[in-house]
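Visitor: Take a look at this one; I'll ask things after.
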Number of protein chains: 2
Amino acid sequence: MAVLEYDGTCYFGFQIQPGVKTIEGELVKAISTLLRENVEISYAGRTDAGVHATHQVINFKVDKDLNLYEFKWRLNSILPEDIVVKEISRVDSVFDARKSAKWREYSYLVVNGNYQSVFLKRYSILVVKDLDLRLMRKAAKMLVGEKDFKSFCSSESKDGNTVRKIRSFTVDKLKDNLLVFKVVANSFLQHMVRIMVGTILEIGIGKRDLTSLKTALNGKDRKLAGKTAPAKGLFLTNVVY
Amino acid sequence: MAVLEYDGTCYFGFQIQPGVKTIEGELVKAISTLLRENVEISYAGRTDAGVHATHQVINFKVDKDLNLYEFKWRLNSILPEDIVVKEISRVDSVFDARKSAKWREYSYLVVNGNYQSVFLKRYSILVVKDLDLRLMRKAAKMLVGEKDFKSFCSSESKDGNTVRKIRSFTVDKLKDNLLVFKVVANSFLQHMVRIMVGTILEIGIGKRDLTSLKTALNGKDRKLAGKTAPAKGLFLTNVVY
């Protein structure tokens with residue numbers, strides 16, 4: 001099992017795809033090179049193109065007896081600059097990074113001010129209009145629980161069952177102009193976090209009200225929810241097993 | 001007067017120089033373009049190549065009657081991606097960003113762990129060996145006061161008077177693996193912060209002791225201090241008037 005961090009800016013998402021640069025593609029290439037065998041990996045979160053991670057979890061089977069400390073250093077030395085292995089450890093053979101995950105946490109960064117920090121522009125979006133934090137917190141709370149999130153799922157998704165269980169959804173000020181949305185759920189539908197954040201931001205600037213959120217939840221129609229917030233503000237920040 | 005933030009990674013420092021990309025060069029070009037006259041600027045801190053700023057202060061004289069809010073937006077729209085104007089305001093004509101500054105604060109970021117975060121690698125250095133925080137704090141404290149910092153000044157510097165007054169020098173854990181060195185002084189000699197941080201880090205890993213720091217201070221010889229820490233970990237973070 002390995003815990004990864006990556007800057008998703010230059011990748012076509014996590015999942016391997018022919019002809020484009022993906023996080024999984026780079027990992028499989030690097031691990032297979034070091035082990036001199038073809039490796040398949042399982043992973044906790046299928047992050048979209050442009051989405052980052054401070055805590056993605058993967059696992060893969062190795063028959064060799066590895067020195068893990070050394071393996072991690074060698075892996076980091078051949079991985080691209082924007083992917084790093086933070087930890088690596090042995091796990092039971094039944095462990096599966098995707099299937100064994102109980103909770104996943106995503107965070108979304110929003111700069112609320114009249115300029116975009118040069119250090120955060122790849123990792124957050126800028127909202128110039130005043131945001132009503134109290135109202136956004138109410139909205140976030142309304143989404144907590146086991147619900148059908150069909151309205152908050154990309155219309156192109158093939159997910160059949162759109163019921164998910166959100167354990168917590170908070171909005172906090174990290175400092176003056178920096179807000180962080182944090183949401184924990186058993187799993188997420190395609191674009192779910194970004195559609196929820198986009199909808200809550202529309203509530204925060206007064207473009208829609210809390211009733212419209214209820215309508216969206218009940219209506220089970222993507223058109224009833226807000227815009228999908230840009231990928232660059234989103235991070236996979238934890239996975240609980 | 002304007003307050004700026006910039007990512008210094010791709011610049012040959014603040015000060016304008018012919019033939020290379022500098023922060024001052026970009027600012028003078030952008031401001032002069034908008035004002036349609038040649039502008040000269042004064043600035044609080046002459047940051048070196050690769051050094052960043054979250055709070056650099058500049059000023060320049062304008063004869064026109066500007067709408068400052070609009071001017072800031074126009075300026076930010078033509079400045080490069082890695083420079084942003086945070087605030088802009090009218091000041092008394094005797095104000096000079098450099099001469100009027102009472103205190104300057106620089107911060108230095110160090111990741112102390114066994115991997116370098118992909119999000120911090122342009123903005124910090126990685127120290128893998130264990131750092132003794134208590135000892136580094138003692139060292140930092142020894143540098144506080146009005147002293148001759150000749151040993152902590154680039155040997156190529158032309159600064160005649162090498163006496164400076166350090167008001168505070170702290171070392172803190174921002175989180176698990178992230179340390180921040182913060183130093184406030186009336187002004188700084190060339191490479192002074194980086195040489196001080198480099199020397200304190202050598203104390204932190206046990207390569208030198210506190211006595212050697214005293215020897216360096218008294219000896220007034222660059223060779224007695226430690227290595228110059230890399231530019232990328234350094235930020236100009238405040239200027240007090």
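The way I read the labels, and the way they are meant: chains A, B, ... in the order of the structure tokens, residue 1 as the first residue of every chain, and ligand 1 as the first ligand shown, with later ones counted on from there.
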Can you work out which residues from chain B touch chain A at a cut-off of 7 Å (counting only C-alpha atoms) and hand them back as a PDB file with N, CA and C atoms, in the first residue's frame?

Guide:
ATOM      1  N   GLU B   5       2.660  40.413  -4.624  1.00  0.00           N
ATOM      2  CA  GLU B   5       3.017  39.027  -4.333  1.00  0.00           C
ATOM      3  C   GLU B   5       3.659  38.496  -5.604  1.00  0.00           C
ATOM      4  N   TYR B   6       4.729  37.736  -5.478  1.00  0.00           N
ATOM      5  CA  TYR B   6       5.269  37.097  -6.684  1.00  0.00           C
ATOM      6  C   TYR B   6       5.961  35.777  -6.385  1.00  0.00           C
ATOM      7  N   ASP B   7       5.931  34.930  -7.402  1.00  0.00           N
ATOM      8  CA  ASP B   7       6.656  33.664  -7.391  1.00  0.00           C
ATOM      9  C   ASP B   7       7.956  33.947  -8.136  1.00  0.00           C
ATOM     10  N   ASP B  82       2.861  35.223 -12.708  1.00  0.00           N
ATOM     11  CA  ASP B  82       3.492  34.986 -11.407  1.00  0.00           C
ATOM     12  C   ASP B  82       3.771  36.257 -10.601  1.00  0.00           C
ATOM     13  N   ILE B  83       3.165  37.373 -11.016  1.00  0.00           N
ATOM     14  CA  ILE B  83       3.249  38.622 -10.243  1.00  0.00           C
ATOM     15  C   ILE B  83       1.835  39.159 -10.094  1.00  0.00           C
ATOM     16  N   VAL B  84       1.446  39.540  -8.887  1.00  0.00           N
ATOM     17  CA  VAL B  84       0.109  40.115  -8.714  1.00  0.00           C
ATOM     18  C   VAL B  84       0.165  41.303  -7.749  1.00  0.00           C
ATOM     19  N   LYS B  86      -1.630  43.150  -4.918  1.00  0.00           N
ATOM     20  CA  LYS B  86      -2.654  42.830  -3.920  1.00  0.00           C
ATOM     21  C   LYS B  86      -3.450  44.058  -3.525  1.00  0.00           C
ATOM     22  N   TYR B 115      10.254  12.959   2.237  1.00  0.00           N
ATOM     23  CA  TYR B 115       9.873  13.237   0.856  1.00  0.00           C
ATOM     24  C   TYR B 115       9.559  14.722   0.741  1.00  0.00           C
ATOM     25  N   VAL B 118       4.947  17.812  -3.452  1.00  0.00           N
ATOM     26  CA  VAL B 118       4.911  18.362  -4.820  1.00  0.00           C
ATOM     27  C   VAL B 118       4.396  19.801  -4.820  1.00  0.00           C
ATOM     28  N   PHE B 119       3.630  20.161  -3.802  1.00  0.00           N
ATOM     29  CA  PHE B 119       3.070  21.513  -3.758  1.00  0.00           C
ATOM     30  C   PHE B 119       4.053  22.533  -3.182  1.00  0.00           C
TER      31      PHE B 119
END

Visitor: I'd like to know which residues of stretch 106-188 of chain A are strand (DSSP E) (by DSSP, run on the backbone); could you write them as an MDAnalysis selection string?

Guide: chainID A and resid 106:112 125:127 145:148 163:175 178:185

Visitor: If you count only C-alpha atoms, which residues fall within 6 Å of stretch 125-137 of chain B, apart from same-chain ones fewer than 2 positions away, as number ranges by chain?

Guide: B: 110-114, 116, 139-140, 171, 200, 204-205, 233

Visitor: Could you jot down the atom CA of A:Leu68 to atom CA of A:Leu34 separation for me, Å, one decimal place?

Guide: 12.2 Å

Visitor: Enumerate the residues of stretch 72-124 of chain A with a DSSP assignment of alpha helix (DSSP H), computed from the backbone, and present them as a list in words.

Guide: Lys72, Trp73, Arg74, Leu75, Asn76, Ser77 and Ile78 of chain A

Visitor: Using C-alpha atoms, can you export the residues from the last selection as an mmCIF file, in the first residue's frame?

Guide:
data_model
loop_
_atom_site.group_PDB
_atom_site.id
_atom_site.type_symbol
_atom_site.label_atom_id
_atom_site.label_comp_id
_atom_site.auth_asym_id
_atom_site.auth_seq_id
_atom_site.Cartn_x
_atom_site.Cartn_y
_atom_site.Cartn_z
ATOM 1 C CA LYS A 72 10.237 4.303 -2.089
ATOM 2 C CA TRP A 73 13.378 6.351 -2.752
ATOM 3 C CA ARG A 74 13.961 4.653 -6.092
ATOM 4 C CA LEU A 75 10.317 5.117 -7.059
ATOM 5 C CA ASN A 76 10.385 8.826 -6.193
ATOM 6 C CA SER A 77 13.579 9.277 -8.154
ATOM 7 C CA ILE A 78 11.966 8.028 -11.389
#

Visitor: Could you tell me which of A:Tyr108, A:Tyr11, A:Phe152, A:Phe95 comes closest to A:Pro230 if we count only C-alpha atoms?

Guide: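 Using only C-alpha atoms, A:Pro230 sits closest to A:Tyr108.
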
Visitor: So which residues touch B:Gly226 within 12 Å, counting only C-alpha atoms, skipping near sequence neighbours fewer than 3 positions away, as a tab-separated table (two decimals) with N, CA and C atoms, in the first residue's frame?

Guide:
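Saved to result-v5.tsv:
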chain	number	residue	atom	x	y	z
B	151	SER	N	30.02	38.21	8.78
B	151	SER	CA	30.17	36.77	8.47
B	151	SER	C	28.95	36.20	7.76
B	152	PHE	N	27.83	36.92	7.86
B	152	PHE	CA	26.57	36.44	7.28
B	152	PHE	C	26.18	37.26	6.06
B	153	CYS	N	27.20	37.71	5.36
B	153	CYS	CA	26.97	38.55	4.19
B	153	CYS	C	27.79	37.97	3.04
B	154	SER	N	27.21	37.92	1.86
B	154	SER	CA	27.92	37.42	0.69
B	154	SER	C	29.28	38.10	0.57
B	191	HIS	N	22.30	38.14	0.89
B	191	HIS	CA	22.27	36.71	1.26
B	191	HIS	C	22.19	36.47	2.77
B	192	MET	N	21.99	37.52	3.55
B	192	MET	CA	22.05	37.41	5.01
B	192	MET	C	21.07	36.38	5.58
B	193	VAL	N	19.81	36.42	5.15
B	193	VAL	CA	18.83	35.46	5.69
B	193	VAL	C	19.24	34.04	5.31
B	194	ARG	N	19.62	33.86	4.05
B	194	ARG	CA	19.96	32.51	3.57
B	194	ARG	C	21.21	31.96	4.27
B	195	ILE	N	22.18	32.81	4.56
B	195	ILE	CA	23.39	32.34	5.27
B	195	ILE	C	23.04	32.01	6.73
B	196	MET	N	22.20	32.85	7.35
B	196	MET	CA	21.80	32.58	8.74
B	196	MET	C	21.01	31.27	8.80
B	197	VAL	N	20.05	31.08	7.89
B	197	VAL	CA	19.25	29.85	7.89
B	197	VAL	C	20.15	28.64	7.61
B	198	GLY	N	21.05	28.77	6.66
B	198	GLY	CA	21.98	27.68	6.34
B	198	GLY	C	22.81	27.29	7.55
B	199	THR	N	23.27	28.29	8.29
B	199	THR	CA	24.10	28.04	9.48
B	199	THR	C	23.27	27.37	10.58
B	200	ILE	N	22.06	27.89	10.80
B	200	ILE	CA	21.19	27.31	11.83
B	200	ILE	C	20.81	25.87	11.49
B	201	LEU	N	20.59	25.58	10.21
B	201	LEU	CA	20.27	24.20	9.80
B	201	LEU	C	21.46	23.28	10.08
B	202	GLU	N	22.68	23.77	9.89
B	202	GLU	CA	23.87	22.96	10.20
B	202	GLU	C	23.92	22.65	11.69
B	203	ILE	N	23.48	23.61	12.50
B	203	ILE	CA	23.38	23.38	13.95
B	203	ILE	C	22.26	22.36	14.22
B	204	GLY	N	21.16	22.49	13.49
B	204	GLY	CA	20.01	21.61	13.68
B	204	GLY	C	20.30	20.15	13.40
B	207	LYS	N	25.83	19.31	12.73
B	207	LYS	CA	27.10	19.45	12.00
B	207	LYS	C	27.98	20.53	12.62
B	208	ARG	N	27.35	21.46	13.33
B	208	ARG	CA	28.12	22.48	14.06
B	208	ARG	C	27.38	22.81	15.36
B	209	ASP	N	28.07	23.46	16.31
B	209	ASP	CA	27.43	23.75	17.59
B	209	ASP	C	27.21	25.25	17.79
B	212	SER	N	30.22	27.65	17.69
B	212	SER	CA	30.72	28.03	16.36
B	212	SER	C	29.94	29.21	15.80
B	213	LEU	N	28.69	29.36	16.25
B	213	LEU	CA	27.88	30.49	15.80
B	213	LEU	C	28.42	31.78	16.41
B	215	THR	N	31.49	32.21	17.41
B	215	THR	CA	32.76	32.43	16.73
B	215	THR	C	32.54	33.14	15.40
B	216	ALA	N	31.50	32.68	14.68
B	216	ALA	CA	31.21	33.30	13.38
B	216	ALA	C	30.82	34.76	13.55
B	217	LEU	N	29.97	35.04	14.53
B	217	LEU	CA	29.53	36.42	14.78
B	217	LEU	C	30.73	37.32	15.10
B	221	ASP	N	33.95	37.05	9.33
B	221	ASP	CA	34.56	36.40	8.15
B	221	ASP	C	33.54	35.42	7.59
B	222	ARG	N	33.14	35.61	6.35
B	222	ARG	CA	32.13	34.77	5.70
B	222	ARG	C	32.43	33.28	5.84
B	223	LYS	N	33.71	32.93	5.86
B	223	LYS	CA	34.08	31.50	5.91
B	223	LYS	C	33.69	30.83	7.24
B	229	ALA	N	21.69	28.95	2.26
B	229	ALA	CA	20.54	28.10	1.92
B	229	ALA	C	19.97	28.51	0.56

Visitor: Point out the residue among B:Arg167, B:Lys158, B:Arg36, B:Lys182 with the least atom-to-atom distance to B:Glu146, counting only C-alpha atoms.

Guide: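 Looking at the shortest contact to B:Glu146, the residue is B:Arg167.
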
Visitor: Find the residues near A:Gly50: any atom within 8 Å, counting only C-alpha atoms, skip ones fewer than 6 places away on the same chain, and give them as number ranges by chain.

Guide: A: 7-13, 231-232

Visitor: Would you pick out the contacts of B:Phe60 at 8 Å or less, using only C-alpha atoms, so that residues sharing its chain but fewer than 6 positions from it are not included, and give the list as a PyMOL selection string?

Guide: chain B and resi 1+39-42

Visitor: Do a neighbour search on B:Thr47 at 6 Å with only C-alpha atoms, toss out local chain neighbours closer than 2 positions, and write the hits as a list in words.

Guide: Gly13, Phe14, Gly45 and Val51 of chain B

Visitor: Could you check how far atom CA of A:Ala97 sits from atom CA of A:Tyr43, in Å to one decimal?

Guide: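 Rounded to one decimal, the two atoms are 5.0 Å apart.
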
Visitor: To one decimal place in Å, what is the distance between atom CA of A:Lys102 and atom CA of A:Lys147?

Guide: 16.9 Å
